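Text of final-v2.txt (compact mmCIF, N, CA, C and O atoms and all ligand atoms) as supplied:
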```
# COMPACT_ATOMS: atom_id res chain seq x y z
N MET A 1 18.75 288.87 182.71
CA MET A 1 17.86 287.73 182.92
C MET A 1 18.69 286.44 182.93
O MET A 1 19.56 286.26 182.08
N ALA A 2 18.43 285.58 183.88
CA ALA A 2 19.19 284.33 183.98
C ALA A 2 18.84 283.39 182.83
O ALA A 2 17.71 283.38 182.34
N THR A 3 19.84 282.62 182.40
CA THR A 3 19.61 281.64 181.35
C THR A 3 18.73 280.52 181.88
O THR A 3 18.96 280.01 182.96
N GLU A 4 17.75 280.16 181.07
CA GLU A 4 16.85 279.08 181.48
C GLU A 4 17.19 277.81 180.70
O GLU A 4 17.23 277.82 179.47
N PHE A 5 17.47 276.74 181.41
CA PHE A 5 17.73 275.46 180.77
C PHE A 5 16.42 274.66 180.72
O PHE A 5 15.76 274.49 181.73
N ILE A 6 16.09 274.18 179.52
CA ILE A 6 14.87 273.42 179.31
C ILE A 6 15.22 271.95 179.15
O ILE A 6 16.11 271.58 178.37
N ASP A 7 14.51 271.11 179.87
CA ASP A 7 14.67 269.65 179.78
C ASP A 7 14.04 269.19 178.47
O ASP A 7 12.85 269.39 178.24
N VAL A 8 14.86 268.59 177.58
CA VAL A 8 14.33 268.25 176.25
C VAL A 8 14.31 266.76 175.92
O VAL A 8 13.50 266.32 175.10
N LEU A 9 15.22 265.96 176.53
CA LEU A 9 15.30 264.57 176.07
C LEU A 9 16.16 263.73 177.02
O LEU A 9 17.17 264.23 177.53
N PRO A 10 15.82 262.45 177.20
CA PRO A 10 16.74 261.56 177.90
C PRO A 10 18.00 261.38 177.05
O PRO A 10 17.89 261.20 175.83
N VAL A 11 19.16 261.44 177.67
CA VAL A 11 20.40 261.36 176.90
C VAL A 11 20.54 260.03 176.17
O VAL A 11 21.14 259.96 175.09
N ASP A 12 19.94 258.97 176.70
CA ASP A 12 20.08 257.67 176.03
C ASP A 12 19.18 257.55 174.79
O ASP A 12 19.19 256.53 174.11
N GLU A 13 18.42 258.59 174.47
CA GLU A 13 17.62 258.59 173.24
C GLU A 13 18.32 259.30 172.09
O GLU A 13 17.75 259.50 171.02
N LEU A 14 19.58 259.72 172.33
CA LEU A 14 20.34 260.40 171.28
C LEU A 14 21.67 259.66 171.10
O LEU A 14 22.64 259.91 171.81
N ASN A 15 21.68 258.75 170.17
CA ASN A 15 22.87 257.92 169.95
C ASN A 15 24.03 258.76 169.42
O ASN A 15 23.84 259.84 168.85
N VAL A 16 25.22 258.22 169.57
CA VAL A 16 26.42 258.89 169.05
C VAL A 16 26.26 259.09 167.54
O VAL A 16 25.85 258.18 166.81
N ASN A 17 26.56 260.31 167.11
CA ASN A 17 26.48 260.75 165.70
C ASN A 17 25.04 260.78 165.15
O ASN A 17 24.86 260.83 163.94
N ALA A 18 24.07 260.80 166.06
CA ALA A 18 22.67 260.97 165.63
C ALA A 18 22.22 262.41 165.90
O ALA A 18 22.82 263.12 166.70
N VAL A 19 21.19 262.83 165.19
CA VAL A 19 20.58 264.13 165.44
C VAL A 19 19.09 263.91 165.69
O VAL A 19 18.52 262.90 165.27
N LYS A 20 18.50 264.87 166.37
CA LYS A 20 17.07 264.77 166.67
C LYS A 20 16.52 266.19 166.83
O LYS A 20 17.19 267.06 167.38
N ILE A 21 15.31 266.40 166.33
CA ILE A 21 14.65 267.70 166.50
C ILE A 21 13.85 267.68 167.80
O ILE A 21 13.13 266.72 168.08
N VAL A 22 14.01 268.75 168.59
CA VAL A 22 13.27 268.87 169.84
C VAL A 22 12.70 270.29 169.94
O VAL A 22 13.14 271.20 169.23
N ASP A 23 11.73 270.43 170.83
CA ASP A 23 11.18 271.74 171.15
C ASP A 23 11.76 272.18 172.49
O ASP A 23 11.70 271.43 173.46
N ALA A 24 12.34 273.37 172.52
CA ALA A 24 12.87 273.90 173.79
C ALA A 24 12.27 275.28 174.01
O ALA A 24 12.67 276.25 173.37
N GLY A 25 11.27 275.34 174.85
CA GLY A 25 10.64 276.62 175.15
C GLY A 25 10.03 277.28 173.93
O GLY A 25 10.08 278.51 173.80
N GLY A 26 9.51 276.48 173.01
CA GLY A 26 8.89 277.03 171.81
C GLY A 26 9.85 277.22 170.64
O GLY A 26 9.44 277.59 169.55
N LYS A 27 11.14 276.95 170.87
CA LYS A 27 12.11 277.02 169.78
C LYS A 27 12.36 275.62 169.23
O LYS A 27 12.50 274.67 169.98
N ARG A 28 12.43 275.53 167.90
CA ARG A 28 12.72 274.25 167.25
C ARG A 28 14.24 274.11 167.15
O ARG A 28 14.90 274.92 166.50
N ILE A 29 14.76 273.06 167.80
CA ILE A 29 16.21 272.91 167.97
C ILE A 29 16.66 271.59 167.37
O ILE A 29 15.99 270.57 167.52
N LEU A 30 17.81 271.63 166.71
CA LEU A 30 18.47 270.40 166.25
C LEU A 30 19.47 270.00 167.33
O LEU A 30 20.43 270.72 167.58
N LEU A 31 19.21 268.85 167.97
CA LEU A 31 20.14 268.30 168.95
C LEU A 31 21.04 267.30 168.25
O LEU A 31 20.56 266.52 167.42
N ALA A 32 22.29 267.26 168.61
CA ALA A 32 23.21 266.31 167.99
C ALA A 32 24.13 265.72 169.05
O ALA A 32 24.58 266.43 169.96
N ASN A 33 24.39 264.44 168.90
CA ASN A 33 25.40 263.78 169.72
C ASN A 33 26.66 263.69 168.86
O ASN A 33 26.81 262.80 168.03
N ASP A 34 27.53 264.68 169.03
CA ASP A 34 28.72 264.83 168.21
C ASP A 34 29.89 264.12 168.88
O ASP A 34 30.63 264.71 169.64
N GLU A 35 29.99 262.82 168.60
CA GLU A 35 31.05 261.98 169.19
C GLU A 35 31.06 262.10 170.71
O GLU A 35 32.11 262.18 171.34
N GLY A 36 29.86 262.16 171.30
CA GLY A 36 29.73 262.19 172.75
C GLY A 36 29.46 263.58 173.31
O GLY A 36 29.05 263.71 174.46
N ASP A 37 29.72 264.62 172.52
CA ASP A 37 29.41 265.98 172.95
C ASP A 37 28.00 266.34 172.46
O ASP A 37 27.71 266.21 171.26
N ILE A 38 27.15 266.78 173.38
CA ILE A 38 25.78 267.14 173.00
C ILE A 38 25.77 268.60 172.54
O ILE A 38 26.18 269.50 173.28
N ARG A 39 25.29 268.80 171.32
CA ARG A 39 25.27 270.14 170.75
C ARG A 39 23.83 270.48 170.34
O ARG A 39 23.04 269.60 170.02
N ALA A 40 23.55 271.79 170.36
CA ALA A 40 22.20 272.25 170.00
C ALA A 40 22.34 273.48 169.11
O ALA A 40 23.07 274.42 169.45
N VAL A 41 21.66 273.45 167.98
CA VAL A 41 21.66 274.58 167.04
C VAL A 41 20.25 274.78 166.52
O VAL A 41 19.38 273.91 166.65
N SER A 42 20.03 275.94 165.90
CA SER A 42 18.74 276.19 165.28
C SER A 42 18.50 275.17 164.17
O SER A 42 19.44 274.71 163.52
N ALA A 43 17.23 274.80 163.97
CA ALA A 43 16.90 273.64 163.13
C ALA A 43 16.66 273.97 161.67
O ALA A 43 16.32 273.08 160.89
N TYR A 44 16.82 275.26 161.29
CA TYR A 44 16.54 275.63 159.90
C TYR A 44 17.79 276.22 159.26
O TYR A 44 18.47 277.08 159.84
N CYS A 45 18.06 275.78 158.05
CA CYS A 45 19.20 276.26 157.27
C CYS A 45 19.08 277.76 157.04
O CYS A 45 18.00 278.27 156.73
N THR A 46 20.21 278.46 157.14
CA THR A 46 20.19 279.91 156.96
C THR A 46 20.18 280.31 155.49
O THR A 46 20.02 281.49 155.18
N HIS A 47 20.35 279.36 154.57
CA HIS A 47 20.31 279.72 153.15
C HIS A 47 18.89 280.05 152.71
O HIS A 47 18.61 281.14 152.27
N ASP A 48 17.99 279.07 152.85
CA ASP A 48 16.62 279.29 152.39
C ASP A 48 15.63 278.57 153.28
O ASP A 48 14.60 278.12 152.82
N GLY A 49 15.99 278.41 154.54
CA GLY A 49 15.06 277.86 155.52
C GLY A 49 14.87 276.36 155.46
O GLY A 49 13.90 275.84 156.01
N GLY A 50 15.77 275.63 154.80
CA GLY A 50 15.65 274.18 154.73
C GLY A 50 15.61 273.56 156.12
O GLY A 50 16.33 273.99 157.03
N ASP A 51 14.74 272.58 156.29
CA ASP A 51 14.59 271.89 157.57
C ASP A 51 15.73 270.89 157.71
O ASP A 51 15.91 270.03 156.85
N LEU A 52 16.49 270.99 158.79
CA LEU A 52 17.64 270.11 158.98
C LEU A 52 17.26 268.78 159.63
O LEU A 52 18.13 267.96 159.92
N ASP A 53 15.98 268.55 159.83
CA ASP A 53 15.52 267.29 160.39
C ASP A 53 15.91 266.14 159.46
O ASP A 53 15.80 266.25 158.24
N GLY A 54 16.37 265.06 160.04
CA GLY A 54 16.70 263.87 159.26
C GLY A 54 18.09 263.88 158.67
O GLY A 54 18.50 262.92 158.03
N GLU A 55 18.84 264.96 158.87
CA GLU A 55 20.20 265.00 158.34
C GLU A 55 21.12 264.17 159.23
O GLU A 55 20.76 263.78 160.33
N GLU A 56 22.33 263.93 158.73
CA GLU A 56 23.29 263.12 159.48
C GLU A 56 24.54 263.95 159.78
O GLU A 56 24.85 264.90 159.06
N LEU A 57 25.23 263.53 160.82
CA LEU A 57 26.49 264.19 161.17
C LEU A 57 27.62 263.64 160.33
O LEU A 57 27.68 262.45 160.04
N ASP A 58 28.52 264.53 159.95
CA ASP A 58 29.70 264.11 159.21
C ASP A 58 30.85 265.01 159.63
O ASP A 58 30.86 266.20 159.28
N ASP A 59 31.79 264.47 160.38
CA ASP A 59 32.98 265.24 160.81
C ASP A 59 32.57 266.55 161.49
O ASP A 59 33.03 267.62 161.11
N HIS A 60 31.72 266.47 162.49
CA HIS A 60 31.23 267.59 163.30
C HIS A 60 30.30 268.53 162.54
O HIS A 60 29.96 269.60 163.03
N GLU A 61 29.91 268.14 161.33
CA GLU A 61 29.09 269.04 160.53
C GLU A 61 27.77 268.39 160.15
O GLU A 61 27.66 267.17 160.06
N VAL A 62 26.77 269.26 159.91
CA VAL A 62 25.50 268.80 159.37
C VAL A 62 25.33 269.46 158.01
O VAL A 62 25.75 270.60 157.79
N CYS A 63 24.76 268.70 157.08
CA CYS A 63 24.59 269.17 155.71
C CYS A 63 23.10 269.36 155.43
O CYS A 63 22.29 268.50 155.79
N CYS A 64 22.74 270.46 154.80
CA CYS A 64 21.36 270.69 154.40
C CYS A 64 21.12 269.99 153.06
O CYS A 64 21.83 270.27 152.08
N HIS A 65 20.14 269.13 153.01
CA HIS A 65 19.91 268.33 151.80
C HIS A 65 19.40 269.15 150.62
O HIS A 65 19.47 268.72 149.49
N ARG A 66 18.88 270.35 150.89
CA ARG A 66 18.25 271.11 149.80
C ARG A 66 19.26 271.58 148.77
O ARG A 66 19.08 271.36 147.57
N HIS A 67 20.32 272.26 149.19
CA HIS A 67 21.29 272.77 148.21
C HIS A 67 22.72 272.49 148.65
O HIS A 67 23.66 273.01 148.06
N GLY A 68 22.90 271.71 149.73
CA GLY A 68 24.24 271.25 150.09
C GLY A 68 25.04 272.10 151.04
O GLY A 68 26.22 271.83 151.26
N ALA A 69 24.46 273.13 151.63
CA ALA A 69 25.20 273.93 152.62
C ALA A 69 25.60 273.04 153.80
O ALA A 69 24.90 272.08 154.13
N ARG A 70 26.72 273.39 154.41
CA ARG A 70 27.18 272.66 155.60
C ARG A 70 27.43 273.63 156.74
O ARG A 70 27.82 274.79 156.52
N PHE A 71 27.24 273.10 157.97
CA PHE A 71 27.42 273.92 159.17
C PHE A 71 28.21 273.12 160.19
O PHE A 71 27.93 271.94 160.42
N ASP A 72 29.18 273.79 160.82
CA ASP A 72 29.95 273.17 161.91
C ASP A 72 29.13 273.29 163.19
O ASP A 72 28.82 274.41 163.63
N LEU A 73 28.79 272.16 163.78
CA LEU A 73 27.93 272.18 164.97
C LEU A 73 28.65 272.73 166.19
O LEU A 73 28.00 273.13 167.16
N ARG A 74 29.96 272.77 166.18
CA ARG A 74 30.70 273.28 167.34
C ARG A 74 30.56 274.80 167.46
O ARG A 74 30.56 275.34 168.54
N SER A 75 30.46 275.46 166.32
CA SER A 75 30.39 276.93 166.32
C SER A 75 29.12 277.47 165.67
O SER A 75 28.80 278.65 165.81
N GLY A 76 28.43 276.62 164.91
CA GLY A 76 27.29 277.05 164.11
C GLY A 76 27.71 277.61 162.76
O GLY A 76 26.86 277.85 161.89
N GLU A 77 28.99 277.83 162.56
CA GLU A 77 29.50 278.49 161.35
C GLU A 77 29.11 277.75 160.07
O GLU A 77 29.16 276.52 160.01
N ALA A 78 28.73 278.53 159.06
CA ALA A 78 28.49 277.96 157.73
C ALA A 78 29.84 277.65 157.10
O ALA A 78 30.70 278.52 157.00
N THR A 79 30.03 276.40 156.67
CA THR A 79 31.33 276.00 156.14
C THR A 79 31.27 275.70 154.64
O THR A 79 32.31 275.44 154.04
N ARG A 80 30.07 275.69 154.07
CA ARG A 80 29.98 275.49 152.62
C ARG A 80 28.80 276.27 152.06
O ARG A 80 27.73 276.29 152.66
N MET A 81 29.03 276.90 150.94
CA MET A 81 27.97 277.64 150.24
C MET A 81 26.87 276.64 149.84
O MET A 81 27.17 275.45 149.70
N PRO A 82 25.67 277.11 149.62
CA PRO A 82 25.30 278.51 149.47
C PRO A 82 24.98 279.25 150.77
O PRO A 82 24.65 280.42 150.72
N ALA A 83 25.09 278.61 151.93
CA ALA A 83 24.82 279.33 153.17
C ALA A 83 26.00 280.26 153.47
O ALA A 83 27.16 279.89 153.29
N VAL A 84 25.70 281.44 153.95
CA VAL A 84 26.72 282.42 154.33
C VAL A 84 26.69 282.63 155.85
O VAL A 84 27.73 282.73 156.49
N PHE A 85 25.49 282.65 156.39
CA PHE A 85 25.33 282.90 157.82
C PHE A 85 25.25 281.58 158.58
O PHE A 85 24.70 280.59 158.09
N GLY A 86 25.77 281.60 159.81
CA GLY A 86 25.79 280.40 160.63
C GLY A 86 24.46 280.13 161.31
O GLY A 86 23.55 280.97 161.31
N LEU A 87 24.37 278.96 161.90
CA LEU A 87 23.23 278.59 162.73
C LEU A 87 23.42 279.18 164.12
O LEU A 87 24.56 279.37 164.58
N VAL A 88 22.32 279.45 164.80
CA VAL A 88 22.38 279.87 166.20
C VAL A 88 22.75 278.66 167.04
O VAL A 88 22.21 277.56 166.82
N THR A 89 23.68 278.82 167.96
CA THR A 89 24.05 277.72 168.85
C THR A 89 23.46 277.97 170.24
O THR A 89 23.28 279.11 170.65
N PHE A 90 23.19 276.88 170.93
CA PHE A 90 22.62 276.95 172.27
C PHE A 90 23.46 276.10 173.21
O PHE A 90 23.91 275.01 172.83
N GLU A 91 23.63 276.60 174.43
CA GLU A 91 24.37 275.86 175.45
C GLU A 91 23.57 274.63 175.87
O GLU A 91 22.34 274.69 175.94
N THR A 92 24.26 273.54 176.13
CA THR A 92 23.60 272.32 176.60
C THR A 92 24.26 271.83 177.89
O THR A 92 25.40 272.19 178.19
N LYS A 93 23.53 271.01 178.62
CA LYS A 93 24.13 270.30 179.75
C LYS A 93 23.37 268.99 179.93
O LYS A 93 22.21 268.86 179.49
N VAL A 94 24.04 268.04 180.55
CA VAL A 94 23.41 266.75 180.86
C VAL A 94 23.42 266.58 182.37
O VAL A 94 24.47 266.70 183.02
N GLU A 95 22.23 266.34 182.92
CA GLU A 95 22.09 266.12 184.36
C GLU A 95 21.10 265.00 184.59
O GLU A 95 20.02 264.98 183.96
N ASP A 96 21.45 264.10 185.48
CA ASP A 96 20.54 263.00 185.84
C ASP A 96 20.01 262.27 184.61
O ASP A 96 18.83 261.89 184.55
N GLY A 97 20.88 262.08 183.62
CA GLY A 97 20.51 261.31 182.44
C GLY A 97 19.62 262.05 181.46
O GLY A 97 19.07 261.44 180.55
N ARG A 98 19.48 263.36 181.62
CA ARG A 98 18.63 264.14 180.72
C ARG A 98 19.41 265.29 180.10
O ARG A 98 20.34 265.81 180.71
N ILE A 99 19.02 265.63 178.87
CA ILE A 99 19.65 266.75 178.16
C ILE A 99 18.84 268.01 178.39
O ILE A 99 17.61 268.00 178.24
N PHE A 100 19.55 269.08 178.71
CA PHE A 100 18.93 270.40 178.89
C PHE A 100 19.55 271.37 177.88
O PHE A 100 20.75 271.32 177.63
N VAL A 101 18.72 272.26 177.35
CA VAL A 101 19.18 273.27 176.41
C VAL A 101 18.84 274.65 176.96
O VAL A 101 17.73 274.88 177.43
N ALA A 102 19.82 275.55 176.88
CA ALA A 102 19.60 276.93 177.34
C ALA A 102 18.96 277.74 176.22
O ALA A 102 19.47 277.79 175.11
N VAL A 103 17.83 278.35 176.51
CA VAL A 103 17.15 279.16 175.49
C VAL A 103 16.94 280.58 176.02
O VAL A 103 17.06 280.84 177.20
S1 LIG A 201 18.03 275.74 152.09
FE1 LIG A 201 19.76 274.76 152.93
S2 LIG A 201 21.25 274.86 151.36
FE2 LIG A 201 19.55 275.94 150.55
```
How does this structure look as structure tokens?
Amino acid sequence: MATEFIDVLPVDELNVNAVKIVDAGGKRILLANDEGDIRAVSAYCTHDGGDLDGEELDDHEVCCHRHGARFDLRSGEATRMPAVFGLVTFETKVEDGRIFVAV
């Protein structure tokens, strides 16, 4: 089955080092502008389901406010306990000033 890219947001609504929650085909996605690179990962912490909405980027990583787990947005990898499993990552592209996420 071909990958489907979903139009989720105008690129100018995601400032550098900002994150935003979007819906992509029924999936809740954390979008991030990681120093100009648009990244998309699953929006819930793998430790205990903490919502990553409202978190901030720090050195390519997002931190879950509930117990302090960290995830590298480039790979989804969990980089700090108590999370062990990484976030799901999604391919992104920017076309005609809009962000698309592959789901
Ligand atoms: S729910 Fe995210 S660190 Fe526990």
Site check for ligand LIG 201 (chain A): residues at most 8 Å away, all atoms listed in the file, as a VMD selection string: chain A and resid 44 to 52 63 to 70 80 to 83
What does the structure give for the distance between atom C of Val88 of chain A and atom O of Val103 of chain A, in Å to one decimal?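 For atom C of Val88 of chain A relative to atom O of Val103 of chain A, the distance reads 11.8 Å.
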Please provide as JSON, numbers by chain all residues within 5 Å of segment 30-40 of chain A, with the sequence filter that same-chain residues fewer than 2 positions apart are discarded (counting all atoms listed in the file). {"A": [15, 16, 17, 18, 19, 20, 21, 28, 42, 43, 88, 89, 90]}
Identify which of the residues A:Ile99, A:Leu57, A:Ala78, A:Ala24 lies closest to Asp12 of chain A, counting all atoms listed in the file when measuring atom-to-atom distances.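 Answer, going by the shortest atom-to-atom distance: A:Ile99.
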Kindly list the centre and edge lengths in Å, rounded to one decimal, for the axis-aligned box that covers all listed atoms of segment 13-32 of chain A plus 6 Å on each of its six sides, as AutoDock Vina command-line options.
```
--center_x 17.7 --center_y 268.2 --center_z 169.5 --size_x 29.7 --size_y 32.6 --size_z 23.2
```
As a ChimeraX atom specification, list the residues of chain A assigned to strand (DSSP E or B) by DSSP on the backbone atoms of this structure. /A:5-10,19-24,27-34,37-42,44,51,57-58,61-63,70-72,78-80,89-90,92-95,98-102
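The interatomic distance for the pair atom N of Val94 of chain A and atom O of Glu13 of chain A works out to 14.3 Å.
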Choose the residue, out of A:Val41, A:Asp72, A:Val8, A:Asp59, that has the smallest atom-to-atom separation from Glu91 of chain A; count only C-alpha atoms.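 The answer is A:Val41, which sits nearest to Glu91 of chain A.
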Might you pull out every residue within 7 Å of Arg74 of chain A, with all atoms listed in the file counted and same-chain residues fewer than 3 positions away left off, and present them as a PyMOL selection string? chain A and resi 60-61+71+77+89
Starting from the sparse input, extend segment 25-36 of chain A to all heavy atoms and give the output as a PDB file, in the coordinates of the input.
```
ATOM      1  N   GLY A  25      11.270 275.340 174.850  1.00  0.00           N
ATOM      2  CA  GLY A  25      10.640 276.620 175.150  1.00  0.00           C
ATOM      3  C   GLY A  25      10.030 277.280 173.930  1.00  0.00           C
ATOM      4  O   GLY A  25      10.080 278.510 173.800  1.00  0.00           O
ATOM      5  N   GLY A  26       9.510 276.480 173.010  1.00  0.00           N
ATOM      6  CA  GLY A  26       8.890 277.030 171.810  1.00  0.00           C
ATOM      7  C   GLY A  26       9.850 277.220 170.640  1.00  0.00           C
ATOM      8  O   GLY A  26       9.440 277.590 169.550  1.00  0.00           O
ATOM      9  N   LYS A  27      11.140 276.950 170.870  1.00  0.00           N
ATOM     10  CA  LYS A  27      12.110 277.020 169.780  1.00  0.00           C
ATOM     11  C   LYS A  27      12.360 275.620 169.230  1.00  0.00           C
ATOM     12  O   LYS A  27      12.500 274.670 169.980  1.00  0.00           O
ATOM     13  CB  LYS A  27      13.452 277.583 170.278  1.00  0.00           C
ATOM     14  CG  LYS A  27      13.449 279.057 170.596  1.00  0.00           C
ATOM     15  CD  LYS A  27      14.883 279.508 170.813  1.00  0.00           C
ATOM     16  CE  LYS A  27      15.002 281.004 170.953  1.00  0.00           C
ATOM     17  NZ  LYS A  27      14.566 281.491 172.252  1.00  0.00           N
ATOM     18  N   ARG A  28      12.430 275.530 167.900  1.00  0.00           N
ATOM     19  CA  ARG A  28      12.720 274.250 167.250  1.00  0.00           C
ATOM     20  C   ARG A  28      14.240 274.110 167.150  1.00  0.00           C
ATOM     21  O   ARG A  28      14.900 274.920 166.500  1.00  0.00           O
ATOM     22  CB  ARG A  28      12.066 274.197 165.877  1.00  0.00           C
ATOM     23  CG  ARG A  28      11.924 272.816 165.315  1.00  0.00           C
ATOM     24  CD  ARG A  28      10.845 272.814 164.226  1.00  0.00           C
ATOM     25  NE  ARG A  28      10.670 271.475 163.691  1.00  0.00           N
ATOM     26  CZ  ARG A  28      11.399 270.987 162.695  1.00  0.00           C
ATOM     27  NH1 ARG A  28      12.294 271.736 162.113  1.00  0.00           N
ATOM     28  NH2 ARG A  28      11.209 269.747 162.270  1.00  0.00           N
ATOM     29  N   ILE A  29      14.760 273.060 167.800  1.00  0.00           N
ATOM     30  CA  ILE A  29      16.210 272.910 167.970  1.00  0.00           C
ATOM     31  C   ILE A  29      16.660 271.590 167.370  1.00  0.00           C
ATOM     32  O   ILE A  29      15.990 270.570 167.520  1.00  0.00           O
ATOM     33  CB  ILE A  29      16.559 272.886 169.486  1.00  0.00           C
ATOM     34  CG1 ILE A  29      16.043 274.139 170.194  1.00  0.00           C
ATOM     35  CG2 ILE A  29      18.049 272.666 169.724  1.00  0.00           C
ATOM     36  CD1 ILE A  29      16.858 275.364 170.007  1.00  0.00           C
ATOM     37  N   LEU A  30      17.810 271.630 166.710  1.00  0.00           N
ATOM     38  CA  LEU A  30      18.470 270.400 166.250  1.00  0.00           C
ATOM     39  C   LEU A  30      19.470 270.000 167.330  1.00  0.00           C
ATOM     40  O   LEU A  30      20.430 270.720 167.580  1.00  0.00           O
ATOM     41  CB  LEU A  30      19.195 270.631 164.927  1.00  0.00           C
ATOM     42  CG  LEU A  30      19.924 269.412 164.389  1.00  0.00           C
ATOM     43  CD1 LEU A  30      18.980 268.507 163.635  1.00  0.00           C
ATOM     44  CD2 LEU A  30      21.084 269.814 163.502  1.00  0.00           C
ATOM     45  N   LEU A  31      19.210 268.850 167.970  1.00  0.00           N
ATOM     46  CA  LEU A  31      20.140 268.300 168.950  1.00  0.00           C
ATOM     47  C   LEU A  31      21.040 267.300 168.250  1.00  0.00           C
ATOM     48  O   LEU A  31      20.560 266.520 167.420  1.00  0.00           O
ATOM     49  CB  LEU A  31      19.381 267.537 170.026  1.00  0.00           C
ATOM     50  CG  LEU A  31      18.980 268.170 171.344  1.00  0.00           C
ATOM     51  CD1 LEU A  31      18.485 267.061 172.271  1.00  0.00           C
ATOM     52  CD2 LEU A  31      20.087 268.964 171.968  1.00  0.00           C
ATOM     53  N   ALA A  32      22.290 267.260 168.610  1.00  0.00           N
ATOM     54  CA  ALA A  32      23.210 266.310 167.990  1.00  0.00           C
ATOM     55  C   ALA A  32      24.130 265.720 169.050  1.00  0.00           C
ATOM     56  O   ALA A  32      24.580 266.430 169.960  1.00  0.00           O
ATOM     57  CB  ALA A  32      24.031 267.001 166.916  1.00  0.00           C
ATOM     58  N   ASN A  33      24.390 264.440 168.900  1.00  0.00           N
ATOM     59  CA  ASN A  33      25.400 263.780 169.720  1.00  0.00           C
ATOM     60  C   ASN A  33      26.660 263.690 168.860  1.00  0.00           C
ATOM     61  O   ASN A  33      26.810 262.800 168.030  1.00  0.00           O
ATOM     62  CB  ASN A  33      24.932 262.398 170.158  1.00  0.00           C
ATOM     63  CG  ASN A  33      25.923 261.741 171.100  1.00  0.00           C
ATOM     64  OD1 ASN A  33      27.111 262.024 171.057  1.00  0.00           O
ATOM     65  ND2 ASN A  33      25.424 260.840 171.937  1.00  0.00           N
ATOM     66  N   ASP A  34      27.530 264.680 169.030  1.00  0.00           N
ATOM     67  CA  ASP A  34      28.720 264.830 168.210  1.00  0.00           C
ATOM     68  C   ASP A  34      29.890 264.120 168.880  1.00  0.00           C
ATOM     69  O   ASP A  34      30.630 264.710 169.640  1.00  0.00           O
ATOM     70  CB  ASP A  34      28.991 266.330 168.024  1.00  0.00           C
ATOM     71  CG  ASP A  34      30.175 266.609 167.127  1.00  0.00           C
ATOM     72  OD1 ASP A  34      30.664 265.691 166.464  1.00  0.00           O
ATOM     73  OD2 ASP A  34      30.613 267.777 167.106  1.00  0.00           O
ATOM     74  N   GLU A  35      29.990 262.820 168.600  1.00  0.00           N
ATOM     75  CA  GLU A  35      31.050 261.980 169.190  1.00  0.00           C
ATOM     76  C   GLU A  35      31.060 262.100 170.710  1.00  0.00           C
ATOM     77  O   GLU A  35      32.110 262.180 171.340  1.00  0.00           O
ATOM     78  CB  GLU A  35      32.402 262.340 168.588  1.00  0.00           C
ATOM     79  CG  GLU A  35      32.445 262.085 167.085  1.00  0.00           C
ATOM     80  CD  GLU A  35      33.781 262.425 166.450  1.00  0.00           C
ATOM     81  OE1 GLU A  35      34.737 262.764 167.177  1.00  0.00           O
ATOM     82  OE2 GLU A  35      33.862 262.339 165.214  1.00  0.00           O
ATOM     83  N   GLY A  36      29.860 262.160 171.300  1.00  0.00           N
ATOM     84  CA  GLY A  36      29.730 262.190 172.750  1.00  0.00           C
ATOM     85  C   GLY A  36      29.460 263.580 173.310  1.00  0.00           C
ATOM     86  O   GLY A  36      29.050 263.710 174.460  1.00  0.00           O
TER      87      GLY A  36
END
```
